[in-house]
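Colleague: This is the structure I want to talk about, given as C-alpha cells.
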Amino acid sequence: MHTGLFHDIDFDADGKALSFLGTPYSVDRSPYYQIKTPICRIRNGSGPRVLLMAGNHGDEYEGEVALGRLIRRLDPARMRGEVTILPLANLPAVMAARRRSPLDNGNLNRAFPGVPGGTPTERLAHFLEHELFPRHDVVFDIHSGGTSMAHLPTALIERQDSPERMARALDLMGSLGMGHAFVAANGRDAPTSMAAAARAGAIGISGEFGGGGTLTPATLAATQRAIDNLLQKLGVTDAPVLGPHQPGAPAMQLLELDSHEQNIFATRRGWFEPAVDIGASVRAGDVAGYYHDLNQLDAEEEVLRFRVSGIVISRRLHTDCESGDSLIQVARPVGQADILTPAA
C-alpha cells in the first residue's frame with residue numbers, strides 16, 4: 001500500500017533496530033528533503049504486539065522522554081513478542097516545541113485517517129492507521145496537557161463497539177496504575193489516534209500525564225510506571241524496565257466525558273482567574289473562576305459557574321485568553337457497569 005512514507009523496517013526480524021520514517025517534503029534549502037522521524041522496533045519471537053507512541057502533540061514531553069529511555073533500556077532478550085516505539089511522532093512539532101507541526105500546521109491527533117499524498121501530517125496519519133496500527137494488538141498513545149493546560153493525570157480510552165472490546169480496554173487501562181481514568185465518546189469515525197486504532201483492529205489506550213510544557217518527578221514517574229505496567233500486563237516483560245517504582249497505586253476512579261457542557265469556553269478576549277484547581281470535586285453552580293477585562297478596569301469581573309458536577313480534569317494555564325479557548329473542564333464519575341455497552 002502506498003502511504004507516502006519510506007522506511008526500511010523489517011517487521012519479522014528479531015532483535016532491536018533503530019530506524020527512521022522518511023516523509024518527503026521539499027524545502028528551499030533542500031529539494032529532496034525528508035522528515036526523518038525516529039522509530040524503534042524490538043522483537044523476540046511471537047507474542048503480544050504493542051505500539052508505544054508519544055509526541056503526537058509536540059509540546060507534551062512526558063511520553064517523549066520516557067519512551068526515549070525505554071528504547072535505551074529494553075533488551076530484546078528479556079522480553080517476548082513485538083514492541084514498536086515511536087517517541088517523537090510529530091517530529092517537526094516536537095522540534096519546534098509546538099502542539100502542531102510548523103510545516104503544515106497539522107494536528108496529528110485530528111488528521112486520521114490521513115491522506116497518502118497529502119501534507120506531512122496527513123501522510124504520517126495515513127501510514128500509522130493503514131500500515132503501523134494494524135500490525136499491533138494494542139496502541140498506547142501518551143499525551144499531556146501541553147504548554148497551555150494543566151491536566152489531572154488520567155488514563156483514557158474511547159468507547160468501544162462491543163462489550164468484549166470495552167471490557168478488554170477497561171482492563172488494560174486499569175493496569176496503568178492511574179488514580180483517575182476517563183472514557184471519551186468521540187466515536188469510531190473520529191480523526192483521533194484512538195479511533196484510528198479501533199478502525200485498524202487494535203485496542204487503543206491513551207492518557208494525560210501532566211502538562212504545562214514541562215516535566216516533574218511525579219509526572220515522569222507516573223508515565224514510566226504506566227509503560228512498565230502495561231508491558232507486564234500484556235506479558236511482554238516480567239519485570240519493570242523503567243523502574244523500580246514506588247509501591248502501591250491509587251484506586252482508579254472512572255470518569256466520563258460526553259458533553260460540551262462539561263467545558264467552560266471563553267467567548268471574548270479576557271483574563272481568566274481560576275477558583276479551583278485540577279482534582280477538585282465540584283457541583284453544578286459552583287464558581288469555576290472569574291473572567292476579567294483589563295481593558296475596562298471599572299467593569300466587574302464575570303463570574304463563571306460550572307454547568308455540571310464532577311471532577312476538574314483540566315484548566316488553562318495562560319491567564320490571557322481569546323474567544324474559543326477552553327478555560328476549565330470537568331468529567332463526570334461513572335461506574336464501570338454504566339459504560340459496558342456498545343457505542344451508539
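All residue names refer to the C-alpha cells as shown: chains lettered A, B, ... in order, residues numbered from 1 in each chain, ligands numbered from 1 in order.
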For Phe20 (chain A), please output as a list in words all residues within 8 Å (counting only C-alpha atoms; exclusion window: fewer than 3 positions along the same chain).
Modeller: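 The contact residues come out as His7, Asp8, Lys36, Thr37, Pro38 and Ile39 of chain A.
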Colleague: Give me, as number ranges by chain, all polymer residues having an atom no more than 7 Å from region 147-164 of chain A, counting only C-alpha atoms and skipping those fewer than 4 positions away in the same chain.
Modeller: A: 59, 168-169, 173, 178-186, 194, 204-213, 278-279, 313-318, 340-343
Colleague: May I have a table of the residues of region 193-215 of chain A lying at most 10 Å from region 93-115 of chain A, giving each one's closest pair of atoms and their distance in Å to one decimal, counting only C-alpha atoms, ordered by chain and ascending residue number, as a tab-separated table?
Modeller:
residue	atom	partner	partner_atom	distance
A:Ser193	CA	A:Asn109	CA	5.8
A:Met194	CA	A:Asn109	CA	8.8
A:Ala195	CA	A:Phe112	CA	8.3
A:Ala196	CA	A:Phe112	CA	6.4
A:Ala197	CA	A:Phe112	CA	9.9
A:Arg199	CA	A:Pro113	CA	9.1
A:Gly213	CA	A:Ala97	CA	8.4
Colleague: What parts of region 139-236 of chain A does DSSP call alpha helix (DSSP H)? I'd like the answer as a PyMOL selection string.
Modeller: chain A and resi 163-174+193-199+217-234
Colleague: Go through A:Pro247, A:Pro116, A:Gly270, A:Gly45 and flag the residue nearest Ala13 (chain A), using only C-alpha atoms for the distances.
Modeller: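 Result for the nearest residue to Ala13 (chain A): A:Gly45.
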Colleague: Of the residues A:Glu256, A:Gly118, A:Asp277, A:Asp75, which is the one nearest to Gly335 (chain A), using only C-alpha atoms?
Modeller: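 Under the stated criterion, the closest residue is A:Glu256.
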Colleague: Work out how far CA of Ile227 (chain A) is from CA of Gly310 (chain A), in Å to one decimal.
Modeller: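 These atoms are spaced 27.7 Å apart.
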Colleague: Find the residue from A:Arg283, A:His57, A:His260, A:Lys16 that sits nearest to Arg73 (chain A); use only C-alpha atoms when measuring.
Modeller: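 Among A:Arg283, A:His57, A:His260, A:Lys16, it is A:Lys16 that comes nearest to Arg73 (chain A).
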Colleague: What does the structure give for the distance between CA of Ala66 (chain A) and CA of Gln34 (chain A), in Å to one decimal?
Modeller: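 Pair CA of Ala66 (chain A) / CA of Gln34 (chain A) returns 25.7 Å.
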Colleague: Measure the distance from CA of Leu88 (chain A) to CA of Gly63 (chain A) in Å and round it to one decimal.
Modeller: 8.8 Å
Colleague: Here is a test: counting only C-alpha atoms, which residue of A:Gly22, A:Gly174, A:Gly55, A:Pro87 is nearest to Gln253 (chain A)?
Modeller: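 Residue with the minimum atom-to-atom distance to Gln253 (chain A): A:Gly174.
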Colleague: Just asking: which residues within region 257-308 of chain A are strand (DSSP E) according to DSSP, as a PyMOL selection string?
Modeller: chain A and resi 257+263-265+270-274+281-282+287-292+302-305
Colleague: Applying 8 Å and only C-alpha atoms, which residues near region 136-138 of chain A remain after dropping the ones on its own chain fewer than 5 positions away? List them as a list in words.
Modeller: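 Surrounding residues, per the criterion: Pro48, Arg49, Val50, Leu51, Gly201, Ala202, Ile203, Gly204 and Ile205 of chain A.
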Colleague: Rank nothing, just name the residue among A:Glu122, A:Glu261, A:Asp171, A:Asp238 nearest to Arg307 (chain A), using only C-alpha atoms.
Modeller: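 Between A:Glu122, A:Glu261, A:Asp171, A:Asp238, the residue approaching Arg307 (chain A) most closely is A:Glu261.
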